[in-house]
$ cat work-v7.txt   # compact mmCIF, C-alpha atoms and all ligand atoms
# COMPACT_ATOMS: atom_id res chain seq x y z
CA MET B 1 -104.89 -14.68 -82.14
CA THR B 2 -105.10 -16.41 -78.82
CA MET B 3 -107.54 -19.12 -77.85
CA ALA B 4 -109.37 -16.78 -75.59
CA ASP B 5 -109.89 -14.24 -78.34
CA SER B 6 -111.39 -16.70 -80.70
CA SER B 7 -113.73 -18.18 -78.17
CA VAL B 8 -114.97 -14.73 -77.31
CA ARG B 9 -115.60 -14.01 -80.94
CA GLN B 10 -117.37 -17.30 -81.38
CA ARG B 11 -119.57 -16.53 -78.47
CA LEU B 12 -120.33 -13.10 -79.84
CA GLN B 13 -121.29 -14.58 -83.15
CA LYS B 14 -123.42 -17.19 -81.48
CA THR B 15 -125.37 -14.69 -79.48
CA LYS B 16 -125.63 -12.30 -82.37
CA SER B 17 -126.58 -14.64 -85.15
CA PRO B 18 -129.87 -16.07 -83.89
CA SER B 19 -131.18 -12.67 -82.83
CA SER B 20 -130.65 -10.80 -86.06
CA PRO B 21 -132.98 -12.82 -88.28
CA GLN B 22 -135.60 -12.59 -85.59
CA GLN B 23 -135.33 -8.83 -85.42
CA LEU B 24 -135.92 -8.65 -89.15
CA SER B 25 -138.73 -11.11 -89.53
CA SER B 26 -140.66 -11.60 -86.37
CA GLN B 27 -143.12 -8.75 -85.89
CA PRO B 28 -145.59 -11.24 -84.27
CA ASP B 29 -142.98 -12.17 -81.69
CA GLY B 30 -142.61 -8.53 -80.68
CA VAL B 31 -146.38 -8.15 -80.27
CA GLU B 32 -146.48 -11.26 -78.18
CA ASP B 33 -143.71 -9.89 -76.00
CA GLN B 34 -145.61 -6.67 -75.45
CA SER B 35 -148.87 -8.36 -74.59
CA SER B 36 -147.19 -10.62 -72.10
CA ARG B 37 -145.73 -7.49 -70.50
CA VAL B 38 -149.21 -5.93 -70.32
CA ILE B 39 -150.57 -9.05 -68.71
CA SER B 40 -147.87 -9.04 -66.08
CA LEU B 41 -148.59 -5.35 -65.33
CA LEU B 42 -152.27 -6.22 -64.93
CA ASP B 43 -151.23 -9.04 -62.65
CA VAL B 44 -149.29 -6.60 -60.48
CA LEU B 45 -152.26 -4.24 -60.39
CA ARG B 46 -154.53 -7.12 -59.51
CA VAL B 47 -152.24 -8.13 -56.64
CA ILE B 48 -152.08 -4.55 -55.34
CA ILE B 49 -155.86 -4.12 -55.52
CA THR B 50 -156.36 -7.44 -53.80
CA LEU B 51 -153.93 -6.44 -51.03
CA ILE B 52 -155.72 -3.10 -50.54
CA GLY B 53 -159.02 -4.95 -50.43
CA VAL B 54 -157.70 -7.39 -47.84
CA SER B 55 -156.27 -4.51 -45.80
CA CYS B 56 -159.59 -2.65 -45.87
CA ALA B 57 -161.49 -5.78 -44.90
CA LEU B 58 -159.08 -6.52 -42.06
CA SER B 59 -159.22 -2.92 -40.86
CA TYR B 60 -163.02 -2.97 -41.05
CA TYR B 61 -163.07 -6.16 -39.02
CA LEU B 62 -160.47 -5.14 -36.43
CA THR B 63 -161.89 -1.64 -35.89
CA SER B 64 -165.40 -3.10 -35.54
CA GLY B 65 -166.58 -1.41 -38.70
CA ALA B 66 -165.30 2.03 -37.75
CA SER B 67 -162.67 2.44 -40.42
CA LEU B 68 -161.47 1.02 -43.71
CA PHE B 69 -158.11 2.73 -43.32
CA TRP B 70 -156.91 1.67 -39.85
CA ASN B 71 -158.42 4.80 -38.31
CA TYR B 72 -156.28 6.98 -40.55
CA GLN B 73 -158.21 10.12 -41.46
CA PRO B 74 -157.25 11.36 -44.90
CA TRP B 75 -158.15 15.01 -45.52
CA PHE B 76 -160.88 13.99 -47.93
CA ALA B 77 -162.59 11.79 -45.34
CA ASN B 78 -164.04 14.72 -43.41
CA THR B 79 -166.84 15.72 -45.74
CA ALA B 80 -168.20 18.22 -43.21
CA GLN B 81 -164.95 20.13 -43.43
CA ILE B 82 -165.04 20.21 -47.23
CA VAL B 83 -168.68 21.33 -47.30
CA GLN B 84 -167.79 24.05 -44.78
CA TRP B 85 -164.77 25.15 -46.80
CA TRP B 86 -166.92 25.35 -49.92
CA ALA B 87 -169.61 27.37 -48.16
CA GLY B 88 -167.11 29.91 -46.85
CA PRO B 89 -166.74 31.29 -43.34
CA LEU B 90 -169.87 31.52 -41.18
CA GLN B 91 -170.91 34.60 -39.29
CA LEU B 92 -173.10 33.77 -36.33
CA THR B 93 -174.53 35.89 -33.56
CA PRO B 94 -174.42 34.44 -30.03
CA ASP B 95 -178.12 33.50 -30.37
CA GLN B 96 -177.47 31.63 -33.63
CA LEU B 97 -174.39 29.93 -32.20
CA ALA B 98 -176.52 28.67 -29.30
CA LEU B 99 -178.46 26.44 -31.70
CA TYR B 100 -175.32 24.36 -32.33
CA ASN B 101 -175.17 23.15 -28.74
CA GLY B 102 -175.18 19.42 -29.44
CA THR B 103 -178.75 18.64 -28.39
CA ASP B 104 -179.81 18.10 -32.01
CA PRO B 105 -177.82 15.12 -33.32
CA LYS B 106 -178.41 16.26 -36.91
CA LYS B 107 -176.69 19.61 -36.31
CA PRO B 108 -172.94 20.11 -35.97
CA ILE B 109 -171.57 21.20 -32.60
CA TYR B 110 -169.85 24.58 -32.53
CA LEU B 111 -167.98 26.44 -29.87
CA ALA B 112 -166.28 29.80 -29.96
CA ILE B 113 -163.10 30.98 -28.38
CA ASN B 114 -162.28 34.66 -28.45
CA GLY B 115 -164.80 35.14 -31.24
CA THR B 116 -163.61 32.38 -33.56
CA ILE B 117 -166.05 29.52 -34.13
CA PHE B 118 -164.82 25.94 -34.35
CA ASP B 119 -166.64 22.76 -35.38
CA VAL B 120 -166.14 20.14 -32.67
CA THR B 121 -168.79 17.70 -33.92
CA GLU B 122 -166.25 14.88 -34.05
CA GLY B 123 -165.90 15.27 -30.27
CA ARG B 124 -169.61 14.76 -29.63
CA HIS B 125 -168.88 12.58 -26.58
CA THR B 126 -166.96 15.45 -25.00
CA TYR B 127 -168.97 18.45 -26.14
CA GLY B 128 -172.42 16.97 -26.56
CA PRO B 129 -175.04 16.54 -23.82
CA GLY B 130 -173.49 14.88 -20.78
CA GLY B 131 -169.94 15.41 -22.03
CA SER B 132 -167.28 16.83 -19.76
CA TYR B 133 -166.90 19.94 -21.95
CA GLU B 134 -170.61 20.31 -22.63
CA VAL B 135 -170.55 23.86 -21.23
CA PHE B 136 -168.50 25.09 -24.16
CA ALA B 137 -170.93 23.92 -26.84
CA GLY B 138 -172.96 26.63 -28.57
CA ARG B 139 -171.26 29.57 -26.91
CA ASP B 140 -168.15 31.60 -26.44
CA ALA B 141 -166.98 30.63 -22.97
CA THR B 142 -163.45 31.94 -23.32
CA ARG B 143 -163.40 33.06 -19.70
CA ALA B 144 -163.98 29.48 -18.52
CA PHE B 145 -160.98 28.34 -20.56
CA VAL B 146 -158.84 30.72 -18.53
CA THR B 147 -160.33 30.36 -15.07
CA GLY B 148 -161.43 26.72 -15.21
CA CYS B 149 -164.78 27.77 -13.71
CA PHE B 150 -167.04 25.86 -16.08
CA LEU B 151 -170.29 26.61 -14.27
CA GLU B 152 -169.76 30.28 -13.45
CA ASP B 153 -167.76 31.60 -16.36
CA ARG B 154 -169.70 30.66 -19.49
CA THR B 155 -168.90 33.98 -21.10
CA GLY B 156 -166.41 35.66 -23.36
CA ASP B 157 -166.01 38.47 -20.82
CA LEU B 158 -162.37 38.35 -19.80
CA ARG B 159 -162.41 41.49 -17.65
CA GLY B 160 -160.67 40.76 -14.39
CA ALA B 161 -159.85 37.17 -15.31
CA GLU B 162 -156.16 38.00 -14.93
CA ASP B 163 -156.72 38.20 -11.17
CA ILE B 164 -156.16 34.47 -10.99
CA TYR B 165 -152.46 35.08 -11.69
CA ILE B 166 -152.10 37.95 -9.22
CA PRO B 167 -151.34 37.29 -5.54
CA ILE B 168 -153.95 38.50 -3.06
CA ASP B 169 -152.86 41.78 -1.54
CA ASP B 170 -151.98 41.72 2.13
CA PRO B 171 -152.81 45.08 3.78
CA ALA B 172 -150.47 44.24 6.68
CA GLU B 173 -147.51 43.93 4.38
CA ASP B 174 -144.76 46.43 5.14
CA ILE B 175 -144.39 48.21 1.81
CA SER B 176 -144.75 51.85 0.79
CA SER B 177 -147.94 52.73 -1.03
CA GLY B 178 -145.92 53.85 -4.06
CA ALA B 179 -144.05 50.56 -4.29
CA ARG B 180 -147.30 48.67 -3.76
CA LYS B 181 -148.94 50.56 -6.62
CA THR B 182 -146.00 50.05 -9.01
CA ARG B 183 -145.86 46.37 -8.18
CA ALA B 184 -149.62 45.99 -8.63
CA GLU B 185 -149.45 47.59 -12.07
CA LYS B 186 -146.57 45.39 -13.12
CA GLU B 187 -148.31 42.28 -11.85
CA ARG B 188 -151.51 43.15 -13.69
CA ARG B 189 -149.64 43.77 -16.94
CA GLU B 190 -147.92 40.41 -16.70
CA ALA B 191 -151.13 38.66 -15.68
CA ARG B 192 -152.97 40.06 -18.71
CA LYS B 193 -150.19 38.75 -20.91
CA ARG B 194 -150.66 35.30 -19.40
CA VAL B 195 -154.40 35.44 -20.09
CA LEU B 196 -153.64 36.27 -23.70
CA GLN B 197 -151.21 33.38 -23.90
CA GLU B 198 -153.72 31.01 -22.36
CA VAL B 199 -156.47 32.05 -24.80
CA ASN B 200 -154.09 31.80 -27.73
CA LYS B 201 -153.03 28.36 -26.57
CA TRP B 202 -156.62 27.10 -26.57
CA GLU B 203 -157.42 28.74 -29.87
CA ALA B 204 -154.36 27.04 -31.37
CA PHE B 205 -155.49 23.76 -29.86
CA TYR B 206 -158.76 23.86 -31.81
CA ARG B 207 -157.15 25.29 -34.91
CA ASN B 208 -154.49 22.57 -35.09
CA HIS B 209 -156.67 19.71 -33.93
CA LYS B 210 -156.99 16.83 -36.37
CA LYS B 211 -160.75 16.54 -35.99
CA TYR B 212 -161.84 20.10 -35.24
CA PHE B 213 -161.74 23.01 -37.63
CA GLU B 214 -162.56 26.69 -37.86
CA VAL B 215 -165.91 27.57 -39.43
CA GLY B 216 -166.22 31.31 -38.95
CA LYS B 217 -166.55 34.24 -36.61
CA LEU B 218 -168.91 35.27 -33.89
CA VAL B 219 -170.55 38.59 -34.70
CA GLY B 220 -172.84 40.97 -32.87
CA VAL B 221 -171.35 40.26 -29.47
CA PRO B 222 -172.57 43.03 -27.16
CA GLU B 223 -169.82 44.97 -25.43
CA TYR B 224 -169.27 43.89 -21.86
CA THR B 225 -170.22 46.73 -19.54
CA GLY B 226 -171.04 47.13 -15.89
CA ASP B 227 -169.15 45.39 -13.14
CA PRO B 228 -166.64 42.80 -14.35
CA PRO B 229 -167.54 39.26 -13.32
CA LYS B 230 -166.16 38.17 -9.94
CA LEU B 231 -163.59 35.42 -9.83
CA CYS B 232 -165.32 32.18 -8.95
CA ASP B 233 -164.48 30.60 -5.60
CA SER B 234 -162.20 27.89 -6.90
CA ALA B 235 -160.21 30.36 -8.99
CA GLN B 236 -160.01 32.76 -6.05
CA LYS B 237 -158.67 29.97 -3.83
CA GLY B 238 -156.11 29.07 -6.45
CA ARG B 239 -154.55 32.53 -6.61
CA PRO B 240 -150.84 32.60 -5.81
CA LYS B 241 -149.80 33.39 -2.24
CA ARG B 242 -147.50 36.29 -1.61
CA LYS B 243 -144.66 35.56 0.73
CA ASN B 244 -145.28 37.70 3.79
CA MET B 245 -142.38 40.18 3.56
CA LYS B 246 -142.92 41.70 7.00
CA LYS B 247 -142.79 38.42 8.82
CA ALA B 248 -139.81 37.32 6.78
CA ARG B 249 -137.89 40.48 7.65
CA ASP B 250 -138.79 40.21 11.32
CA ALA B 251 -137.42 36.72 11.30
CA ASP B 252 -134.20 37.92 9.70
CA GLU B 253 -133.74 40.57 12.39
CA ALA B 254 -134.58 38.28 15.26
CA PRO B 255 -131.70 38.00 17.73
CA GLY B 256 -129.75 34.80 17.90
CA LYS B 257 -130.60 33.88 14.32
CA PRO B 258 -127.73 31.87 12.93
CA VAL B 259 -125.87 33.65 10.14
CA HIS B 260 -125.21 31.62 7.02
C1 LIG U 301 -179.83 24.04 -28.12
O1 LIG U 301 -180.06 23.86 -29.49
C2 LIG U 301 -181.38 23.54 -29.85
C3 LIG U 301 -181.44 23.38 -31.35
O2 LIG U 301 -180.39 22.60 -31.81
C4 LIG U 301 -182.33 24.64 -29.41
O3 LIG U 301 -183.67 24.27 -29.69
C5 LIG U 301 -182.16 24.90 -27.92
O4 LIG U 301 -182.95 26.01 -27.57
C6 LIG U 301 -180.70 25.19 -27.63
N1 LIG U 301 -180.51 25.35 -26.20
C7 LIG U 301 -180.06 26.49 -25.69
C8 LIG U 301 -179.87 26.50 -24.22
O5 LIG U 301 -179.80 27.45 -26.37
C1 LIG U 302 -159.02 38.08 -29.26
O1 LIG U 302 -159.04 38.38 -30.63
C2 LIG U 302 -158.70 39.69 -30.97
C3 LIG U 302 -158.81 39.81 -32.46
O2 LIG U 302 -160.09 39.48 -32.88
C4 LIG U 302 -157.32 40.04 -30.48
O3 LIG U 302 -157.02 41.38 -30.75
C5 LIG U 302 -157.25 39.79 -29.00
O4 LIG U 302 -155.93 39.99 -28.56
C6 LIG U 302 -157.67 38.39 -28.68
N1 LIG U 302 -157.74 38.22 -27.23
C7 LIG U 302 -157.17 37.22 -26.60
C8 LIG U 302 -157.34 37.22 -25.14
O5 LIG U 302 -156.54 36.38 -27.19
$ encode --input "work-v7.txt" --output "structure tokens" --more "lines below"
Ligand SMILES: *[C@@H]1O[C@H](CO)[C@@H](O)[C@H](O)[C@H]1NC(C)=O
Ligand SMILES: *[C@@H]1O[C@H](CO)[C@@H](O)[C@H](O)[C@H]1NC(C)=O
Amino acid sequence: MTMADSSVRQRLQKTKSPSSPQQLSSQPDGVEDQSSRVISLLDVLRVIITLIGVSCALSYYLTSGASLFWNYQPWFANTAQIVQWWAGPLQLTPDQLALYNGTDPKKPIYLAINGTIFDVTEGRHTYGPGGSYEVFAGRDATRAFVTGCFLEDRTGDLRGAEDIYIPIDDPAEDISSGARKTRAEKERREARKRVLQEVNKWEAFYRNHKKYFEVGKLVGVPEYTGDPPKLCDSAQKGRPKRKNMKKARDADEAPGKPVH
């Protein structure tokens, strides 16, 4: 046996021997151990709770009393949304929707886009009286979303709204009537698609917004008949310009034009 071996064995015996009698006899020691562990766990909890408390207090102070959670909005913080979810989807007629126009501070603010109603109460500054999007409150003004004509187009009637994407026809343009008709049809088809995209984009905006949420559907909307609404002046002015083909061709055929 080497020196090293024996010292290792001695050490093993030393560490072993005091512990074994204890294991046999000292039930109280074990209890004490456990309770000291419980106390330290409580201490940790106490520290965590204190830290959360300090964080809330700091947040409350720094956000001027607006939030205990540094303006973080947990899903359970929006009680209106939970109440709404519990109540199920609303079905409002245009007349009923009009009551949620933001003038009564005790009522939520609703707007509709393409027949789907959203709660925008959290945006009271924007949608309430005097807000920049006030015109959308309490109604379906889908047309205004597309045309940008807030004053004129407070309606869900989208007939003819696609005109804003279609160039104004130039009667002097040198093009056969057949080609003109085909082009007009193609342009209208594509313009309608863009209107659809635009409406879907806005609907998705409200649907995915952190503070706004869907509450139901607009019902009993009368069918839009009669003449379609005219494009408002600003939308009419914003229509794309068609490059004047005739003039362009004349220029191409003009003598002395450099060839490149
Ligand atoms: C706006 O809503 C209030 C009730 O909240 C209602 O009395 C008022 O008539 C509504 N205004 C319009 C223009 O519908
Ligand atoms: C509006 O919603 C209906 C379904 O309710 C849908 O068929 C239609 O394409 C939507 N219109 C637009 C412009 O998004």
$ closest_residue --input "work-v7.txt" --among "B:Ile82, B:Ile117, B:Leu42, B:Cys56" --to "B:Glu203" --atoms "all atoms listed in the file"
B:Ile117
$ residues_near_ligand --input "work-v7.txt" --ligand "ligand LIG 302 (chain U)" --cutoff "6 Å" --atoms "all atoms listed in the file" --output "MDAnalysis selection string"
chainID B and resid 114 196 199:200
$ residues_near_ligand --input "work-v7.txt" --ligand "ligand LIG 301 (chain U)" --cutoff "12 Å" --atoms "all atoms listed in the file" --output "CSV table (one decimal) with C-alpha atoms, in the coordinates of the input"
chain,number,residue,atom,x,y,z
B,94,PRO,CA,-174.4,34.4,-30.0
B,95,ASP,CA,-178.1,33.5,-30.4
B,96,GLN,CA,-177.5,31.6,-33.6
B,97,LEU,CA,-174.4,29.9,-32.2
B,98,ALA,CA,-176.5,28.7,-29.3
B,99,LEU,CA,-178.5,26.4,-31.7
B,100,TYR,CA,-175.3,24.4,-32.3
B,101,ASN,CA,-175.2,23.2,-28.7
B,102,GLY,CA,-175.2,19.4,-29.4
B,103,THR,CA,-178.8,18.6,-28.4
B,104,ASP,CA,-179.8,18.1,-32.0
B,105,PRO,CA,-177.8,15.1,-33.3
B,106,LYS,CA,-178.4,16.3,-36.9
B,107,LYS,CA,-176.7,19.6,-36.3
B,108,PRO,CA,-172.9,20.1,-36.0
B,109,ILE,CA,-171.6,21.2,-32.6
B,110,TYR,CA,-169.8,24.6,-32.5
B,128,GLY,CA,-172.4,17.0,-26.6
B,129,PRO,CA,-175.0,16.5,-23.8
B,134,GLU,CA,-170.6,20.3,-22.6
B,135,VAL,CA,-170.6,23.9,-21.2
B,136,PHE,CA,-168.5,25.1,-24.2
B,137,ALA,CA,-170.9,23.9,-26.8
B,138,GLY,CA,-173.0,26.6,-28.6
B,139,ARG,CA,-171.3,29.6,-26.9
B,154,ARG,CA,-169.7,30.7,-19.5
$ atom_distance --input "work-v7.txt" --atom1 "atom CA of B:Ile113" --atom2 "atom CA of B:Gly88"
18.9 Å
$ atom_distance --input "work-v7.txt" --atom1 "atom CA of B:Ala112" --atom2 "atom CA of B:Asp140"
4.4 Å
$ atom_distance --input "work-v7.txt" --atom1 "atom CA of B:Trp85" --atom2 "atom CA of B:Ala204"
18.7 Å
$ closest_residue --input "work-v7.txt" --among "B:Gln81, B:Ser40, B:Ser176, B:Gln197" --to "B:Lys210" --atoms "all atoms listed in the file"
B:Gln81
$ closest_residue --input "work-v7.txt" --among "B:Pro89, B:Gly178, B:Pro240, B:Gly131" --to "B:Ala191" --atoms "all atoms listed in the file"
B:Pro240
$ closest_residue --input "work-v7.txt" --among "B:Ile52, B:Pro171, B:Gly238, B:Glu214" --to "B:Gln84" --atoms "all atoms listed in the file"
B:Glu214
$ closest_residue --input "work-v7.txt" --among "B:Phe145, B:Tyr165, B:Pro222, B:Arg188" --to "B:Lys201" --atoms "only C-alpha atoms"
B:Phe145
$ residues_around --input "work-v7.txt" --residues "stretch 67-70 of chain B" --least-positions-apart "5" --cutoff "10 Å" --atoms "all atoms listed in the file" --output "list in words"
Ile52, Gly53, Ser55, Cys56, Ala57, Leu58, Ser59, Tyr60, Tyr61 and Leu62 of chain B
$ closest_residue --input "work-v7.txt" --among "B:Val146, B:Leu231, B:Ile49, B:Leu151" --to "B:Glu198" --atoms "all atoms listed in the file"
B:Val146
